[in-house]
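K.L.:
Have a peek at query_4.txt (compact mmCIF, C-alpha atoms and all ligand atoms).
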```
# COMPACT_ATOMS: atom_id res chain seq x y z
CA MET A 1 0.00 0.00 0.00
CA ALA A 2 1.28 3.52 -0.80
CA GLU A 3 2.28 5.60 2.22
CA PRO A 4 -0.70 7.42 3.81
CA LEU A 5 -1.87 10.77 2.47
CA GLY A 6 -2.80 13.39 5.08
CA LEU A 7 -5.80 15.67 4.48
CA LEU A 8 -6.06 19.04 6.20
CA GLY A 9 -9.38 20.83 5.73
CA GLY A 10 -10.13 24.22 7.20
CA THR A 11 -11.48 27.67 6.56
CA PHE A 12 -7.97 29.15 6.61
CA ASP A 13 -9.38 32.64 7.15
CA PRO A 14 -6.40 33.28 7.23
CA VAL A 15 -3.93 30.38 7.27
CA HIS A 16 -1.37 30.65 10.12
CA TYR A 17 1.55 28.86 11.77
CA GLY A 18 -0.80 26.72 13.91
CA HIS A 19 -2.07 25.12 10.69
CA LEU A 20 1.43 24.78 9.25
CA ARG A 21 2.82 23.09 12.37
CA LEU A 22 -0.23 20.83 12.54
CA ALA A 23 0.47 19.63 8.99
CA GLU A 24 4.22 19.37 9.52
CA GLU A 25 4.08 17.54 12.84
CA ALA A 26 1.37 15.18 11.52
CA ARG A 27 3.49 14.41 8.47
CA GLU A 28 6.46 13.57 10.64
CA ALA A 29 4.69 11.71 13.48
CA LEU A 30 2.31 9.72 11.26
CA ARG A 31 4.91 9.23 8.49
CA LEU A 32 2.61 10.64 5.80
CA ALA A 33 3.77 10.75 2.19
CA GLN A 34 2.26 14.22 1.79
CA VAL A 35 -0.43 16.47 3.24
CA ALA A 36 -3.18 17.83 0.97
CA TRP A 37 -4.60 21.15 2.14
CA ILE A 38 -8.32 21.54 1.39
CA PRO A 39 -9.72 25.04 1.95
CA ALA A 40 -13.49 25.05 2.53
CA GLY A 41 -15.59 26.96 0.01
CA ARG A 42 -18.78 27.41 2.02
CA PRO A 43 -18.22 26.01 5.52
CA PRO A 44 -21.67 24.86 6.68
CA HIS A 45 -21.11 24.99 10.48
CA ARG A 46 -20.08 28.55 10.97
CA ALA A 47 -20.56 32.15 9.90
CA PRO A 48 -19.45 32.83 6.30
CA PRO A 49 -15.68 33.41 6.09
CA ARG A 50 -14.51 37.03 6.12
CA ALA A 51 -12.21 36.62 3.11
CA ALA A 52 -13.50 35.43 -0.26
CA ALA A 53 -12.76 31.82 -1.20
CA ALA A 54 -10.28 32.86 -3.92
CA HIS A 55 -8.27 34.88 -1.38
CA ARG A 56 -8.23 32.06 1.19
CA LEU A 57 -7.10 29.60 -1.49
CA GLU A 58 -4.33 31.94 -2.63
CA MET A 59 -3.14 32.48 0.96
CA VAL A 60 -2.90 28.70 1.45
CA ARG A 61 -0.97 28.42 -1.83
CA LEU A 62 1.47 31.08 -0.62
CA ALA A 63 1.83 29.43 2.80
CA VAL A 64 2.79 26.01 1.38
CA ALA A 65 4.79 27.26 -1.63
CA GLY A 66 8.14 25.53 -1.99
CA ASN A 67 7.24 22.59 0.24
CA ASP A 68 6.89 19.45 -1.92
CA ASP A 69 5.36 17.58 1.02
CA PHE A 70 2.32 19.87 0.94
CA LEU A 71 -0.17 20.16 -1.90
CA VAL A 72 -3.36 22.14 -2.32
CA ASP A 73 -6.73 20.64 -3.31
CA ASP A 74 -9.17 23.31 -4.52
CA GLY A 75 -12.12 20.90 -4.92
CA GLU A 76 -14.24 22.42 -2.11
CA ILE A 77 -13.60 25.95 -3.37
CA ARG A 78 -14.59 25.02 -6.91
CA ALA A 79 -17.73 23.10 -5.88
CA ASP A 80 -20.78 25.33 -5.75
CA ALA A 81 -22.13 23.56 -2.64
CA PRO A 82 -21.66 23.50 1.14
CA SER A 83 -18.24 22.07 1.99
CA TYR A 84 -19.07 18.83 3.77
CA THR A 85 -15.99 16.79 4.65
CA VAL A 86 -17.81 13.55 3.95
CA VAL A 87 -18.49 14.64 0.36
CA THR A 88 -14.84 15.58 -0.14
CA LEU A 89 -13.77 12.21 1.24
CA GLU A 90 -16.13 10.43 -1.16
CA ARG A 91 -14.56 12.34 -4.05
CA LEU A 92 -11.00 11.50 -2.96
CA ARG A 93 -11.90 7.88 -2.20
CA ALA A 94 -13.29 7.50 -5.75
CA GLN A 95 -9.93 8.74 -7.09
CA MET A 96 -7.85 6.60 -4.70
CA PRO A 97 -9.83 3.46 -3.82
CA ARG A 98 -7.05 1.72 -1.82
CA ARG A 99 -4.93 4.60 -0.57
CA SER A 100 -4.62 5.14 3.18
CA LEU A 101 -6.18 8.59 3.78
CA VAL A 102 -5.72 10.37 7.11
CA LEU A 103 -7.99 13.29 7.95
CA LEU A 104 -6.03 15.61 10.25
CA LEU A 105 -7.91 17.41 12.99
CA GLY A 106 -7.05 19.58 15.94
CA ALA A 107 -8.35 18.08 19.20
CA ASP A 108 -11.12 20.73 19.31
CA ALA A 109 -12.33 19.79 15.84
CA PHE A 110 -12.21 16.07 16.69
CA LEU A 111 -14.44 16.47 19.77
CA GLY A 112 -16.98 18.30 17.59
CA LEU A 113 -17.12 15.47 15.02
CA PRO A 114 -20.62 14.23 16.04
CA SER A 115 -22.10 17.52 14.82
CA TRP A 116 -20.79 16.97 11.28
CA HIS A 117 -22.97 15.96 8.36
CA ARG A 118 -23.00 12.10 8.06
CA TRP A 119 -20.15 12.01 10.55
CA GLU A 120 -20.14 8.25 11.09
CA GLN A 121 -19.31 7.76 7.40
CA VAL A 122 -16.19 9.89 7.77
CA LEU A 123 -14.45 6.97 9.49
CA GLU A 124 -15.54 4.56 6.78
CA LEU A 125 -13.79 6.75 4.23
CA ALA A 126 -10.61 7.82 6.06
CA HIS A 127 -8.54 7.41 9.19
CA VAL A 128 -8.44 10.34 11.58
CA GLY A 129 -5.21 11.81 13.00
CA VAL A 130 -5.83 13.99 16.05
CA ALA A 131 -3.33 16.60 17.21
CA ALA A 132 -3.17 16.39 20.98
CA ARG A 133 -1.27 18.48 23.46
CA PRO A 134 1.85 16.67 24.63
CA GLY A 135 1.13 14.66 27.76
CA PHE A 136 -2.64 14.65 27.27
CA ALA A 137 -3.73 11.18 26.30
CA LEU A 138 -6.46 10.84 23.69
CA ALA A 139 -8.84 9.01 26.04
CA PRO A 140 -12.33 7.88 24.93
CA GLU A 141 -13.51 8.48 28.54
CA ALA A 142 -13.06 12.21 27.88
CA TRP A 143 -14.94 12.17 24.54
CA PRO A 144 -18.60 13.11 24.07
CA ALA A 145 -20.74 9.98 24.57
CA ALA A 146 -21.73 9.60 20.90
CA LEU A 147 -18.11 9.80 19.82
CA ALA A 148 -16.90 7.33 22.47
CA GLN A 149 -19.64 4.88 21.59
CA ALA A 150 -19.07 4.96 17.83
CA CYS A 151 -15.30 5.40 17.80
CA GLY A 152 -13.82 4.16 21.10
CA GLY A 153 -12.82 0.83 19.57
CA ARG A 154 -11.14 2.50 16.60
CA LEU A 155 -8.36 4.13 18.59
CA GLY A 156 -4.96 2.85 17.47
CA ARG A 157 -1.74 2.90 19.47
CA ASP A 158 0.57 4.28 16.80
CA ALA A 159 1.02 5.28 13.16
CA GLY A 160 1.48 1.62 12.16
CA VAL A 161 -2.29 1.04 12.08
CA LEU A 162 -2.64 3.66 9.33
CA ARG A 163 -0.77 1.26 7.05
CA GLU A 164 -2.96 -1.75 7.74
CA SER A 165 -6.14 -0.47 6.05
CA PRO A 166 -7.25 2.51 3.93
CA ALA A 167 -9.60 3.93 6.60
CA GLY A 168 -11.30 3.46 9.95
CA ARG A 169 -8.74 4.06 12.70
CA ILE A 170 -8.07 7.03 14.98
CA VAL A 171 -4.52 7.90 15.98
CA GLY A 172 -3.38 10.78 18.16
CA PHE A 173 -0.07 12.56 17.81
CA ASP A 174 1.64 15.13 19.99
CA MET A 175 1.81 18.64 18.67
CA THR A 176 3.77 21.64 19.92
CA PRO A 177 1.02 23.81 21.45
CA LEU A 178 0.64 27.01 19.42
CA PRO A 179 -2.46 28.84 20.55
CA VAL A 180 -2.74 31.02 17.45
CA SER A 181 -6.19 31.13 15.85
CA ALA A 182 -7.63 32.67 12.71
CA SER A 183 -10.29 34.43 14.77
CA GLY A 184 -7.61 36.00 16.99
CA LEU A 185 -5.70 37.10 13.90
CA ARG A 186 -8.80 38.70 12.41
CA VAL A 187 -9.31 40.72 15.59
CA ARG A 188 -5.69 41.89 15.48
CA LEU A 189 -5.87 42.75 11.79
CA ALA A 190 -9.12 44.70 12.23
CA ALA A 191 -7.46 46.69 15.02
CA GLY A 192 -4.39 47.38 12.86
CA GLY A 193 -2.18 45.33 15.20
CA SER A 194 0.93 43.35 14.32
CA THR A 195 0.56 39.75 13.11
CA ARG A 196 4.25 39.28 12.41
CA TYR A 197 5.60 35.84 13.44
CA LEU A 198 2.08 34.43 13.68
CA LEU A 199 1.70 33.67 9.99
CA PRO A 200 4.06 33.52 6.99
CA ASP A 201 5.33 36.83 5.66
CA ALA A 202 3.99 36.07 2.18
CA VAL A 203 0.49 35.67 3.64
CA ARG A 204 0.84 38.85 5.69
CA GLU A 205 1.91 40.77 2.61
CA TYR A 206 -1.00 39.33 0.62
CA ILE A 207 -3.43 40.46 3.34
CA GLU A 208 -1.97 43.96 3.27
CA ARG A 209 -1.94 44.19 -0.50
CA HIS A 210 -5.59 43.15 -0.78
CA HIS A 211 -6.78 45.11 2.28
CA LEU A 212 -8.28 41.98 3.85
CA TYR A 213 -9.78 41.83 7.36
CA ARG A 214 -10.03 45.59 7.77
CA MET A 215 -12.73 46.77 10.10
CA ALA A 216 -14.71 48.59 7.42
CA ASP A 217 -14.15 46.34 4.42
CA GLY A 218 -17.72 45.07 4.60
CA HIS A 219 -17.05 41.30 4.38
P1 LIG A 301 -11.04 30.10 13.76
O1 LIG A 301 -10.25 30.77 14.84
O2 LIG A 301 -11.67 31.05 12.78
O3 LIG A 301 -12.04 29.08 14.30
P2 LIG A 301 -8.82 28.28 13.16
O4 LIG A 301 -7.58 29.07 13.35
O5 LIG A 301 -9.22 27.31 14.24
O6 LIG A 301 -10.02 29.28 12.83
P3 LIG A 301 -9.65 26.51 11.00
O7 LIG A 301 -9.53 26.79 9.56
O8 LIG A 301 -11.00 26.51 11.58
O9 LIG A 301 -8.68 27.56 11.77
O10 LIG A 301 -8.91 25.17 11.42
C1 LIG A 301 -8.56 24.12 10.54
C2 LIG A 301 -7.97 22.99 11.36
O11 LIG A 301 -6.76 23.45 12.02
C3 LIG A 301 -8.88 22.47 12.51
O12 LIG A 301 -8.74 21.04 12.54
C4 LIG A 301 -8.31 23.11 13.75
O13 LIG A 301 -8.51 22.28 14.90
C5 LIG A 301 -6.83 23.17 13.41
N1 LIG A 301 -6.12 24.26 14.08
C6 LIG A 301 -6.35 25.58 13.99
N2 LIG A 301 -5.51 26.31 14.73
C7 LIG A 301 -4.69 25.41 15.32
C8 LIG A 301 -3.57 25.53 16.25
N3 LIG A 301 -3.17 26.71 16.68
N4 LIG A 301 -2.97 24.38 16.65
C9 LIG A 301 -3.42 23.18 16.21
N5 LIG A 301 -4.45 22.99 15.35
C10 LIG A 301 -5.07 24.09 14.91
```
Please express the file's structure as structure tokens.
Ligand code: ATP
P.N.:
Amino acid sequence: MAEPLGLLGGTFDPVHYGHLRLAEEAREALRLAQVAWIPAGRPPHRAPPRAAAAHRLEMVRLAVAGNDDFLVDDGEIRADAPSYTVVTLERLRAQMPRRSLVLLLGADAFLGLPSWHRWEQVLELAHVGVAARPGFALAPEAWPAALAQACGGRLGRDAGVLRESPAGRIVGFDMTPLPVSASGLRVRLAAGGSTRYLLPDAVREYIERHHLYRMADGH
């Protein structure tokens, strides 16, 4: 079986170093061949993104430029439909019937999984890699009941299980805690504050050039 492919979905409004470290540490810890970044077009669970889809896609392209281990999938941006992860996984699974696919999630996103559209099918289509804080075990006892009931038995000890089947297991990996968030960045940007060292310079310059996230820009 080919080495697993990581999948990192998100709004990326804007992309920042928390996302980049998540992808990089997942790639290393789970021994992924590559990580595909999948910006959401119309995220169904939250308020519409502040920046237009084309801008968010371009910022992700700038953030991963020059790294051959990262690639960008614009399928959700191009689809004129709500960006449901399960639909994206069905598309990728049709293209790669036997490939091990690993959906990468921050621990916060993982705990919210039961609110996702057709969430139980997500684990039939892909594995899930969960970024945990070092020293905090990924324990089903601490999961919401629906998640523990449906997924408790799927928890694997290490990255080896991701090579045994194309989908269906959950593996945690330690991640350097970086409490940077896109919402925090948007607040800083609206207030004209510095975002230096929180996101790549190329992304910062793009935001400046296109006047994104300003208080009065109306979106
Ligand atoms: P917002 O603040 O607007 O909610 P965000 O910064 O959390 O945005 P998203 O695009 O919603 O960014 O996140 C995409 C994925 O990245 C999610 O799985 C989320 O858990 C994860 N993630 C975001 N920020 C971090 C971070 N600082 N460390 C680890 N994972 C992160």
K.L.:
By how many Å are CA of Ala150 in chain A and CA of Gly129 in chain A apart?
P.N.:
16.2 Å
K.L.:
Hey, could you make a per-residue contact list for chain A against ligand LIG 301 (chain A) with 7 Å as the cut-off, showing the nearest pair of atoms and its distance in Å to one decimal, counting all atoms listed in the file, sorted by chain and number, as JSON lines?
P.N.:
```
{"residue": "A:Leu8", "atom": "CA", "partner": "A:LIG301", "partner_atom": "C2", "distance": 6.8}
{"residue": "A:Gly9", "atom": "CA", "partner": "A:LIG301", "partner_atom": "C1", "distance": 5.9}
{"residue": "A:Gly10", "atom": "CA", "partner": "A:LIG301", "partner_atom": "O7", "distance": 3.5}
{"residue": "A:Thr11", "atom": "CA", "partner": "A:LIG301", "partner_atom": "O7", "distance": 3.7}
{"residue": "A:Phe12", "atom": "CA", "partner": "A:LIG301", "partner_atom": "O7", "distance": 4.1}
{"residue": "A:Asp13", "atom": "CA", "partner": "A:LIG301", "partner_atom": "O2", "distance": 6.3}
{"residue": "A:Gly18", "atom": "CA", "partner": "A:LIG301", "partner_atom": "N3", "distance": 3.6}
{"residue": "A:His19", "atom": "CA", "partner": "A:LIG301", "partner_atom": "O11", "distance": 5.2}
{"residue": "A:Leu22", "atom": "CA", "partner": "A:LIG301", "partner_atom": "C9", "distance": 5.4}
{"residue": "A:Leu104", "atom": "CA", "partner": "A:LIG301", "partner_atom": "O12", "distance": 6.5}
{"residue": "A:Leu105", "atom": "CA", "partner": "A:LIG301", "partner_atom": "O12", "distance": 3.8}
{"residue": "A:Gly106", "atom": "CA", "partner": "A:LIG301", "partner_atom": "O13", "distance": 3.2}
{"residue": "A:Ala107", "atom": "CA", "partner": "A:LIG301", "partner_atom": "O13", "distance": 6.0}
{"residue": "A:Asp108", "atom": "CA", "partner": "A:LIG301", "partner_atom": "O13", "distance": 5.4}
{"residue": "A:Ala109", "atom": "CA", "partner": "A:LIG301", "partner_atom": "O13", "distance": 4.7}
{"residue": "A:Ala131", "atom": "CA", "partner": "A:LIG301", "partner_atom": "C9", "distance": 6.7}
{"residue": "A:Pro177", "atom": "CA", "partner": "A:LIG301", "partner_atom": "N4", "distance": 6.3}
{"residue": "A:Leu178", "atom": "CA", "partner": "A:LIG301", "partner_atom": "N3", "distance": 4.7}
{"residue": "A:Pro179", "atom": "CA", "partner": "A:LIG301", "partner_atom": "N3", "distance": 4.5}
{"residue": "A:Val180", "atom": "CA", "partner": "A:LIG301", "partner_atom": "N3", "distance": 4.4}
{"residue": "A:Ser181", "atom": "CA", "partner": "A:LIG301", "partner_atom": "O4", "distance": 3.5}
{"residue": "A:Ala182", "atom": "CA", "partner": "A:LIG301", "partner_atom": "O4", "distance": 3.7}
{"residue": "A:Ser183", "atom": "CA", "partner": "A:LIG301", "partner_atom": "O1", "distance": 3.7}
{"residue": "A:Gly184", "atom": "CA", "partner": "A:LIG301", "partner_atom": "O1", "distance": 6.2}
```
K.L.:
Those same residues - C-alpha atoms - I'd like them written as a PDB file, in the coordinates of the input.
P.N.:
```
ATOM      1  CA  LEU A   8      -6.060  19.040   6.200  1.00  0.00           C
ATOM      2  CA  GLY A   9      -9.380  20.830   5.730  1.00  0.00           C
ATOM      3  CA  GLY A  10     -10.130  24.220   7.200  1.00  0.00           C
ATOM      4  CA  THR A  11     -11.480  27.670   6.560  1.00  0.00           C
ATOM      5  CA  PHE A  12      -7.970  29.150   6.610  1.00  0.00           C
ATOM      6  CA  ASP A  13      -9.380  32.640   7.150  1.00  0.00           C
ATOM      7  CA  GLY A  18      -0.800  26.720  13.910  1.00  0.00           C
ATOM      8  CA  HIS A  19      -2.070  25.120  10.690  1.00  0.00           C
ATOM      9  CA  LEU A  22      -0.230  20.830  12.540  1.00  0.00           C
ATOM     10  CA  LEU A 104      -6.030  15.610  10.250  1.00  0.00           C
ATOM     11  CA  LEU A 105      -7.910  17.410  12.990  1.00  0.00           C
ATOM     12  CA  GLY A 106      -7.050  19.580  15.940  1.00  0.00           C
ATOM     13  CA  ALA A 107      -8.350  18.080  19.200  1.00  0.00           C
ATOM     14  CA  ASP A 108     -11.120  20.730  19.310  1.00  0.00           C
ATOM     15  CA  ALA A 109     -12.330  19.790  15.840  1.00  0.00           C
ATOM     16  CA  ALA A 131      -3.330  16.600  17.210  1.00  0.00           C
ATOM     17  CA  PRO A 177       1.020  23.810  21.450  1.00  0.00           C
ATOM     18  CA  LEU A 178       0.640  27.010  19.420  1.00  0.00           C
ATOM     19  CA  PRO A 179      -2.460  28.840  20.550  1.00  0.00           C
ATOM     20  CA  VAL A 180      -2.740  31.020  17.450  1.00  0.00           C
ATOM     21  CA  SER A 181      -6.190  31.130  15.850  1.00  0.00           C
ATOM     22  CA  ALA A 182      -7.630  32.670  12.710  1.00  0.00           C
ATOM     23  CA  SER A 183     -10.290  34.430  14.770  1.00  0.00           C
ATOM     24  CA  GLY A 184      -7.610  36.000  16.990  1.00  0.00           C
TER      25      GLY A 184
END
```
K.L.:
Can you work out the spacing between CA of Arg93 in chain A and CA of Pro14 in chain A in Å, to one decimal?
P.N.:
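Interatomic distance, CA of Arg93 in chain A to CA of Pro14 in chain A: 27.6 Å.
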K.L.:
Could you make a table, as CSV, of the residues of range 13-106 of chain A that have an atom within 8 Å of an atom of range 196-216 of chain A, each with its nearest atom pair and distance in Å to one decimal, counting all atoms listed in the file, in chain and number order?
P.N.:
```
residue,atom,partner,partner_atom,distance
A:Val15,CA,A:Leu199,CA,7.1
A:His16,CA,A:Leu199,CA,4.3
A:Tyr17,CA,A:Leu199,CA,5.1
A:Arg50,CA,A:Tyr213,CA,6.9
A:Ala51,CA,A:Leu212,CA,6.7
A:Met59,CA,A:Val203,CA,5.5
A:Leu62,CA,A:Ala202,CA,6.3
A:Ala63,CA,A:Pro200,CA,6.3
```
K.L.:
Identify which of the residues A:Ala52, A:Ala65, A:Ala36, A:Val122 lies closest to Ala167 in chain A, counting all atoms listed in the file when measuring atom-to-atom distances.
P.N.:
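Residue with the minimum atom-to-atom distance to Ala167 in chain A: A:Val122.
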K.L.:
Please identify all polymer residues within 12 Å of Pro97 in chain A, counting all atoms listed in the file, omitting same-chain residues fewer than 2 positions from it, and present them as an MDAnalysis selection string.
P.N.:
chainID A and resid 1:2 89:95 99:101 125:126 165:167
K.L.:
Keeping only C-alpha atoms, write the selected residues to a file as an mmCIF file, in the frame of the given file.
P.N.:
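What landed in selection-v8.cif:
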```
data_model
loop_
_atom_site.group_PDB
_atom_site.id
_atom_site.type_symbol
_atom_site.label_atom_id
_atom_site.label_comp_id
_atom_site.auth_asym_id
_atom_site.auth_seq_id
_atom_site.Cartn_x
_atom_site.Cartn_y
_atom_site.Cartn_z
ATOM 1 C CA MET A 1 0.000 0.000 0.000
ATOM 2 C CA ALA A 2 1.280 3.520 -0.800
ATOM 3 C CA LEU A 89 -13.770 12.210 1.240
ATOM 4 C CA GLU A 90 -16.130 10.430 -1.160
ATOM 5 C CA ARG A 91 -14.560 12.340 -4.050
ATOM 6 C CA LEU A 92 -11.000 11.500 -2.960
ATOM 7 C CA ARG A 93 -11.900 7.880 -2.200
ATOM 8 C CA ALA A 94 -13.290 7.500 -5.750
ATOM 9 C CA GLN A 95 -9.930 8.740 -7.090
ATOM 10 C CA ARG A 99 -4.930 4.600 -0.570
ATOM 11 C CA SER A 100 -4.620 5.140 3.180
ATOM 12 C CA LEU A 101 -6.180 8.590 3.780
ATOM 13 C CA LEU A 125 -13.790 6.750 4.230
ATOM 14 C CA ALA A 126 -10.610 7.820 6.060
ATOM 15 C CA SER A 165 -6.140 -0.470 6.050
ATOM 16 C CA PRO A 166 -7.250 2.510 3.930
ATOM 17 C CA ALA A 167 -9.600 3.930 6.600
#
```
K.L.:
Could you pull the residues within 8 Å of Ser83 in chain A, counting only C-alpha atoms, minus those fewer than 5 positions along the same chain, as a list of chain:residue names?
P.N.:
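Everything that qualifies: A:Ala40, A:Gly41, A:Arg42, A:Pro43, A:Pro44, A:Glu76, A:Thr88.
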K.L.:
Kindly indicate which residue among A:Gly66, A:Pro114, A:His127, A:Ile38 lies nearest to Glu164 in chain A, using all atoms listed in the file for the distances.
P.N.:
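Under the stated criterion, the closest residue is A:His127.
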K.L.:
Report, in Å to a single decimal, how far apart CA of Ala33 in chain A and CA of Arg163 in chain A are.
P.N.:
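Rounded to one decimal, the two atoms are 11.6 Å apart.
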K.L.:
Residues near Glu25 in chain A, anyone? I mean within 9 Å using all atoms listed in the file, not counting same-chain ones fewer than 6 positions away, as a list in words.
P.N.:
Ala131, Phe173, Asp174, Met175 and Thr176 of chain A
